[in-house]
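Coordinates from final18.tsv are shown below (TSV, C-alpha atoms (C1' of nucleotides)).
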chain	number	residue	atom	x	y	z
A	5	MET	CA	2.44	-12.81	5.79
A	6	THR	CA	5.14	-10.37	6.65
A	7	ALA	CA	4.13	-6.83	6.01
A	8	SER	CA	6.07	-5.85	2.91
A	9	VAL	CA	7.98	-2.68	3.52
A	10	THR	CA	8.47	-0.26	0.69
A	11	ARG	CA	11.79	1.53	0.34
A	12	TYR	CA	13.86	3.12	-2.37
A	13	THR	CA	17.45	3.90	-3.08
A	14	ILE	CA	19.46	5.96	-5.52
A	15	PHE	CA	23.14	5.44	-6.23
A	16	LYS	CA	25.74	6.62	-8.66
A	17	THR	CA	26.91	4.61	-11.66
A	18	ARG	CA	29.25	5.44	-14.46
A	19	TRP	CA	26.31	6.59	-16.59
A	20	GLY	CA	24.52	8.62	-13.97
A	21	HIS	CA	22.31	8.08	-10.96
A	22	PHE	CA	20.33	4.85	-10.93
A	23	GLY	CA	17.42	4.21	-8.61
A	24	PHE	CA	14.92	1.55	-7.69
A	25	ILE	CA	12.00	0.93	-5.39
A	26	CYS	CA	11.45	-2.29	-3.47
A	27	ARG	CA	8.49	-3.86	-1.82
A	28	GLY	CA	9.88	-6.38	0.60
A	29	ASP	CA	12.71	-8.06	-1.30
A	30	SER	CA	11.07	-7.61	-4.68
A	31	VAL	CA	12.01	-4.79	-6.96
A	32	CYS	CA	8.91	-3.05	-8.23
A	33	ARG	CA	10.47	-0.21	-10.24
A	34	THR	CA	13.84	0.83	-11.59
A	35	LEU	CA	15.07	4.11	-12.98
A	36	LEU	CA	17.72	4.13	-15.67
A	37	PRO	CA	20.72	6.42	-15.17
A	38	ILE	CA	19.95	10.11	-15.13
A	39	GLY	CA	22.15	13.12	-14.60
A	40	ASP	CA	22.05	14.07	-10.95
A	41	ARG	CA	20.61	12.73	-7.75
A	42	ALA	CA	17.86	15.34	-7.56
A	43	ALA	CA	16.66	14.51	-11.05
A	44	ALA	CA	16.73	10.81	-10.22
A	45	HIS	CA	14.70	11.45	-7.11
A	46	ARG	CA	12.08	13.38	-9.08
A	47	ALA	CA	11.91	10.78	-11.81
A	48	LEU	CA	11.73	7.78	-9.53
A	49	LEU	CA	9.14	8.88	-7.02
A	50	THR	CA	5.67	10.01	-8.00
A	51	SER	CA	3.96	12.69	-5.97
A	52	SER	CA	2.17	10.07	-3.92
A	53	GLU	CA	5.40	8.27	-3.08
A	54	LEU	CA	7.39	11.11	-1.59
A	55	GLU	CA	6.97	9.60	1.86
A	56	ILE	CA	8.69	6.34	1.01
A	57	PRO	CA	11.80	5.88	3.14
A	58	TYR	CA	15.26	6.01	1.60
A	59	GLU	CA	17.75	3.27	2.35
A	60	LYS	CA	21.23	3.78	1.05
A	61	HIS	CA	22.28	0.13	1.08
A	62	LEU	CA	18.99	-1.37	-0.03
A	63	LEU	CA	19.86	-4.65	-1.80
A	64	ARG	CA	23.46	-3.53	-1.96
A	65	GLY	CA	24.48	-6.68	-3.81
A	66	LEU	CA	22.14	-5.71	-6.61
A	67	GLN	CA	23.48	-2.17	-6.56
A	68	GLN	CA	26.98	-3.54	-7.05
A	69	ARG	CA	25.90	-5.61	-10.01
A	70	ILE	CA	24.13	-2.68	-11.60
A	71	ILE	CA	27.17	-0.50	-11.12
A	72	GLY	CA	29.21	-3.31	-12.65
A	73	TYR	CA	26.93	-3.44	-15.66
A	74	PHE	CA	27.60	0.17	-16.47
A	75	GLU	CA	31.30	-0.44	-15.98
A	76	GLY	CA	31.11	-2.93	-18.80
A	77	GLU	CA	31.03	-6.16	-16.82
A	78	THR	CA	28.97	-9.14	-17.90
A	79	VAL	CA	26.06	-9.14	-15.51
A	80	ASP	CA	23.04	-11.44	-15.49
A	81	PHE	CA	19.76	-10.33	-13.92
A	82	SER	CA	17.63	-13.17	-15.29
A	83	ALA	CA	17.46	-15.24	-12.11
A	84	ASP	CA	17.38	-12.55	-9.46
A	85	PRO	CA	16.37	-10.17	-7.97
A	86	ALA	CA	12.72	-11.05	-7.54
A	87	VAL	CA	10.49	-8.62	-9.37
A	88	ASP	CA	7.05	-7.53	-8.28
A	89	LEU	CA	4.65	-7.68	-11.21
A	90	THR	CA	1.51	-7.30	-9.15
A	91	GLY	CA	-1.20	-5.53	-11.04
A	92	PHE	CA	-0.01	-6.49	-14.51
A	93	SER	CA	-2.20	-8.56	-16.79
A	94	VAL	CA	-1.45	-12.19	-17.51
A	95	PHE	CA	-0.35	-11.26	-20.99
A	96	GLN	CA	2.00	-8.55	-19.76
A	97	GLN	CA	3.54	-10.85	-17.19
A	98	ALA	CA	4.06	-13.54	-19.83
A	99	VAL	CA	5.74	-11.08	-22.15
A	100	LEU	CA	7.89	-9.49	-19.47
A	101	THR	CA	8.93	-12.90	-18.19
A	102	ALA	CA	9.84	-14.03	-21.70
A	103	CYS	CA	11.78	-10.82	-22.18
A	104	ARG	CA	13.77	-11.47	-19.04
A	105	ARG	CA	15.16	-14.64	-20.60
A	106	ILE	CA	17.00	-12.65	-23.25
A	107	SER	CA	20.61	-12.81	-22.17
A	108	LEU	CA	23.16	-10.06	-22.38
A	109	GLY	CA	24.35	-9.38	-25.88
A	110	GLN	CA	21.33	-11.06	-27.46
A	111	ILE	CA	18.57	-9.43	-29.43
A	112	ARG	CA	14.98	-10.49	-30.01
A	113	THR	CA	12.20	-9.09	-32.07
A	114	TYR	CA	8.79	-7.93	-30.84
A	115	GLY	CA	7.30	-10.66	-33.00
A	116	GLN	CA	9.56	-13.37	-31.59
A	117	LEU	CA	8.67	-12.31	-28.09
A	118	ALA	CA	4.99	-12.47	-29.02
A	119	THR	CA	5.56	-16.04	-30.14
A	120	ASP	CA	7.39	-16.84	-26.92
A	121	ALA	CA	4.41	-15.56	-25.00
A	122	GLY	CA	2.08	-17.73	-27.08
A	123	ARG	CA	0.50	-14.90	-29.08
A	124	ILE	CA	2.13	-15.19	-32.46
A	125	LYS	CA	0.53	-12.14	-34.00
A	126	ALA	CA	0.57	-9.87	-31.00
A	127	ALA	CA	3.82	-8.12	-31.79
A	128	ARG	CA	2.24	-4.74	-31.42
A	129	ALA	CA	0.77	-5.63	-28.06
A	130	VAL	CA	4.23	-6.77	-26.99
A	131	GLY	CA	5.39	-3.26	-27.70
A	132	GLY	CA	2.69	-2.05	-25.37
A	133	ALA	CA	3.87	-4.38	-22.64
A	134	MET	CA	7.48	-3.28	-23.09
A	135	ALA	CA	6.38	0.31	-22.84
A	136	ARG	CA	5.02	-0.44	-19.40
A	137	ASN	CA	8.00	-2.44	-18.18
A	138	PRO	CA	8.41	-1.24	-14.58
A	139	VAL	CA	11.95	-2.54	-14.20
A	140	PRO	CA	14.10	-1.70	-17.21
A	141	LEU	CA	17.57	-3.30	-17.17
A	142	ILE	CA	16.40	-6.03	-14.76
A	143	ILE	CA	13.93	-6.97	-17.48
A	144	PRO	CA	15.99	-6.04	-20.54
A	145	CYS	CA	13.30	-4.51	-22.70
A	146	HIS	CA	16.01	-2.60	-24.55
A	147	ARG	CA	17.07	-5.89	-26.19
A	148	VAL	CA	13.81	-6.05	-28.14
A	149	VAL	CA	13.93	-4.45	-31.56
A	150	GLN	CA	11.91	-4.30	-34.77
A	151	SER	CA	11.95	-7.17	-37.20
A	152	GLY	CA	13.13	-5.04	-40.08
A	153	GLY	CA	16.37	-4.17	-38.30
A	154	GLY	CA	15.00	-0.92	-36.92
A	155	LEU	CA	15.49	0.00	-33.30
A	156	GLY	CA	11.91	0.34	-32.18
A	157	GLY	CA	10.77	2.67	-29.46
A	158	PHE	CA	11.92	3.25	-25.92
A	159	SER	CA	9.85	5.22	-23.47
A	160	ALA	CA	12.08	4.99	-20.43
A	161	ILE	CA	14.29	7.89	-19.40
A	162	GLY	CA	16.81	8.53	-22.14
A	163	GLY	CA	14.57	7.36	-24.97
A	164	PRO	CA	15.72	5.47	-28.07
A	165	THR	CA	19.14	7.07	-27.77
A	166	LEU	CA	19.78	5.34	-24.47
A	167	LYS	CA	18.36	2.09	-25.86
A	168	GLN	CA	20.89	2.20	-28.65
A	169	ARG	CA	23.70	3.11	-26.31
A	170	MET	CA	22.91	0.19	-24.02
A	171	LEU	CA	22.78	-2.22	-26.93
A	172	ARG	CA	26.09	-1.00	-28.25
A	173	HIS	CA	27.49	-1.25	-24.74
A	174	GLU	CA	26.48	-4.92	-24.57
A	175	GLN	CA	27.55	-5.67	-28.11
A	176	PRO	CA	31.33	-5.25	-28.09
A	177	GLU	CA	31.02	-5.22	-31.89
A	178	ALA	CA	33.96	-4.25	-33.96
B	26	DC	C1'	-14.09	2.20	-29.15
B	27	DA	C1'	-9.40	4.41	-30.34
B	28	DG	C1'	-4.64	4.05	-29.77
B	29	DC	C1'	-0.05	1.63	-29.76
B	30	DA	C1'	7.79	0.66	-28.48
B	31	DC	C1'	4.68	-4.15	-34.82
B	32	DT	C1'	4.74	-6.60	-39.40
B	33	DA	C1'	4.17	-8.50	-43.79
B	34	DA	C1'	2.53	-7.18	-48.13
B	35	DT	C1'	1.82	-3.64	-51.68
B	36	DT	C1'	2.67	0.35	-54.22
B	37	DC	C1'	5.76	3.83	-56.30
B	38	DA	C1'	9.96	6.03	-57.75
C	22	DT	C1'	16.13	-2.25	-55.73
C	23	DG	C1'	14.31	0.17	-51.97
C	24	DA	C1'	11.67	3.67	-49.60
C	25	DA	C1'	6.81	4.71	-48.35
C	26	DT	C1'	2.11	3.32	-47.55
C	27	DT	C1'	-1.47	0.16	-46.38
C	28	DA	C1'	-3.87	-3.16	-44.20
C	29	DG	C1'	-4.00	-6.81	-40.55
C	30	DT	C1'	-3.43	-7.55	-35.64
C	31	DG	C1'	-3.96	-8.29	-30.28
C	32	DC	C1'	-4.18	-5.94	-25.86
C	33	DT	C1'	-5.51	-1.82	-23.03
C	34	DG	C1'	-8.06	1.92	-20.73

Here is a file; write its structure as structure tokens.
Amino acid sequence: MTASVTRYTIFKTRWGHFGFICRGDSVCRTLLPIGDRAAAHRALLTSSELEIPYEKHLLRGLQQRIIGYFEGETVDFSADPAVDLTGFSVFQQAVLTACRRISLGQIRTYGQLATDAGRIKAARAVGGAMARNPVPLIIPCHRVVQSGGGLGGFSAIGGPTLKQRMLRHEQPEA
DNA sequence: CAGCACTAATTCA
DNA sequence: TGAATTAGTGCTG
């Protein structure tokens, strides 16, 4: 049992400053792009986490891929990095894991995801799990939309607007 | 219990 | 037709 060290990093992408926190080699939280570094710092760390050490090159390979994503490259986060889902219920983990299998450019519905997780009628609960997704982008909760063609909600920084922008960014549509 | 990032079915213009 | 409303529904704190 190696003591898992907690660290965080914040770096600049084309869309703004992105940040994430790691416990050992597992990512336990990500922060979608936000205006400036100070804002990112405030949004990423809660009052009880202000003592966490900063590490500029933390998982630098991952940082490069994230930067690439916002540059428009085709990036796949489904196999790595490892994500720390400690503390989440079995249902939430099942849903988040299923969500992670949605590849770039694809779209799924809350209901379909519920089926994937083995709870056919739990679409609404899936929404609840998405709302608590600790690692947006790594687990692409923005690729889950309503069955009727609607967008659905998005509680991460940026809100539904960012959700739509990310989808459009992945969908080179006409 | 009440509250949701949902849905399919119903009801009204 | 299609927008708006109404039940069902499963998980969470």

Could you list, as number ranges by chain, every residue of chain B that has an atom within 9 Å of an atom of chain A, counting all atoms listed in the file?
B: 29-32

What are the nearest atom pairs, with distances in Å to one decimal, for all residues of segment 67-175 of chain A that come at most 9 Å from segment 20-25 of chain A, using all atoms listed in the file, set out by chain and rising residue number as JSON lines?
{"residue": "A:Gln67", "atom": "CA", "partner": "A:Phe22", "partner_atom": "CA", "distance": 8.8}
{"residue": "A:Ile70", "atom": "CA", "partner": "A:Phe22", "partner_atom": "CA", "distance": 8.5}
{"residue": "A:Ile71", "atom": "CA", "partner": "A:Phe22", "partner_atom": "CA", "distance": 8.7}
{"residue": "A:Val139", "atom": "CA", "partner": "A:Phe24", "partner_atom": "CA", "distance": 8.2}

Grab the atom CA of Val99 of chain A to atom CA of Pro144 of chain A distance for me, in Å with one decimal place.
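Distance between the two atoms: 11.5 Å.
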
Would you give me, as a Markdown table, each residue of chain C having an atom within 10 Å of an atom of chain A, along with its shortest atom pair and that distance in Å to one decimal, using all atoms listed in the file and sorting by chain and residue number?
| residue | atom | partner | partner_atom | distance |
| --- | --- | --- | --- | --- |
| C:DG29 | C1' | A:Lys125 | CA | 9.6 |
| C:DT30 | C1' | A:Lys125 | CA | 6.3 |
| C:DG31 | C1' | A:Ala126 | CA | 4.9 |
| C:DC32 | C1' | A:Ala129 | CA | 5.4 |
| C:DT33 | C1' | A:Gly132 | CA | 8.5 |

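Taking atom CA of Arg64 of chain A and atom CA of Arg11 of chain A as endpoints, the distance between them is 12.9 Å.
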
Atomic separation - atom CA of Leu66 of chain A relative to atom CA of Thr50 of chain A, Å:
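Rounded to one decimal, the two atoms are 22.8 Å apart.
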
Using all atoms listed in the file, which residues sit within 12 Å of DT35 of chain B once same-chain residues fewer than 4 positions away are excluded, as a count of residues only?
4
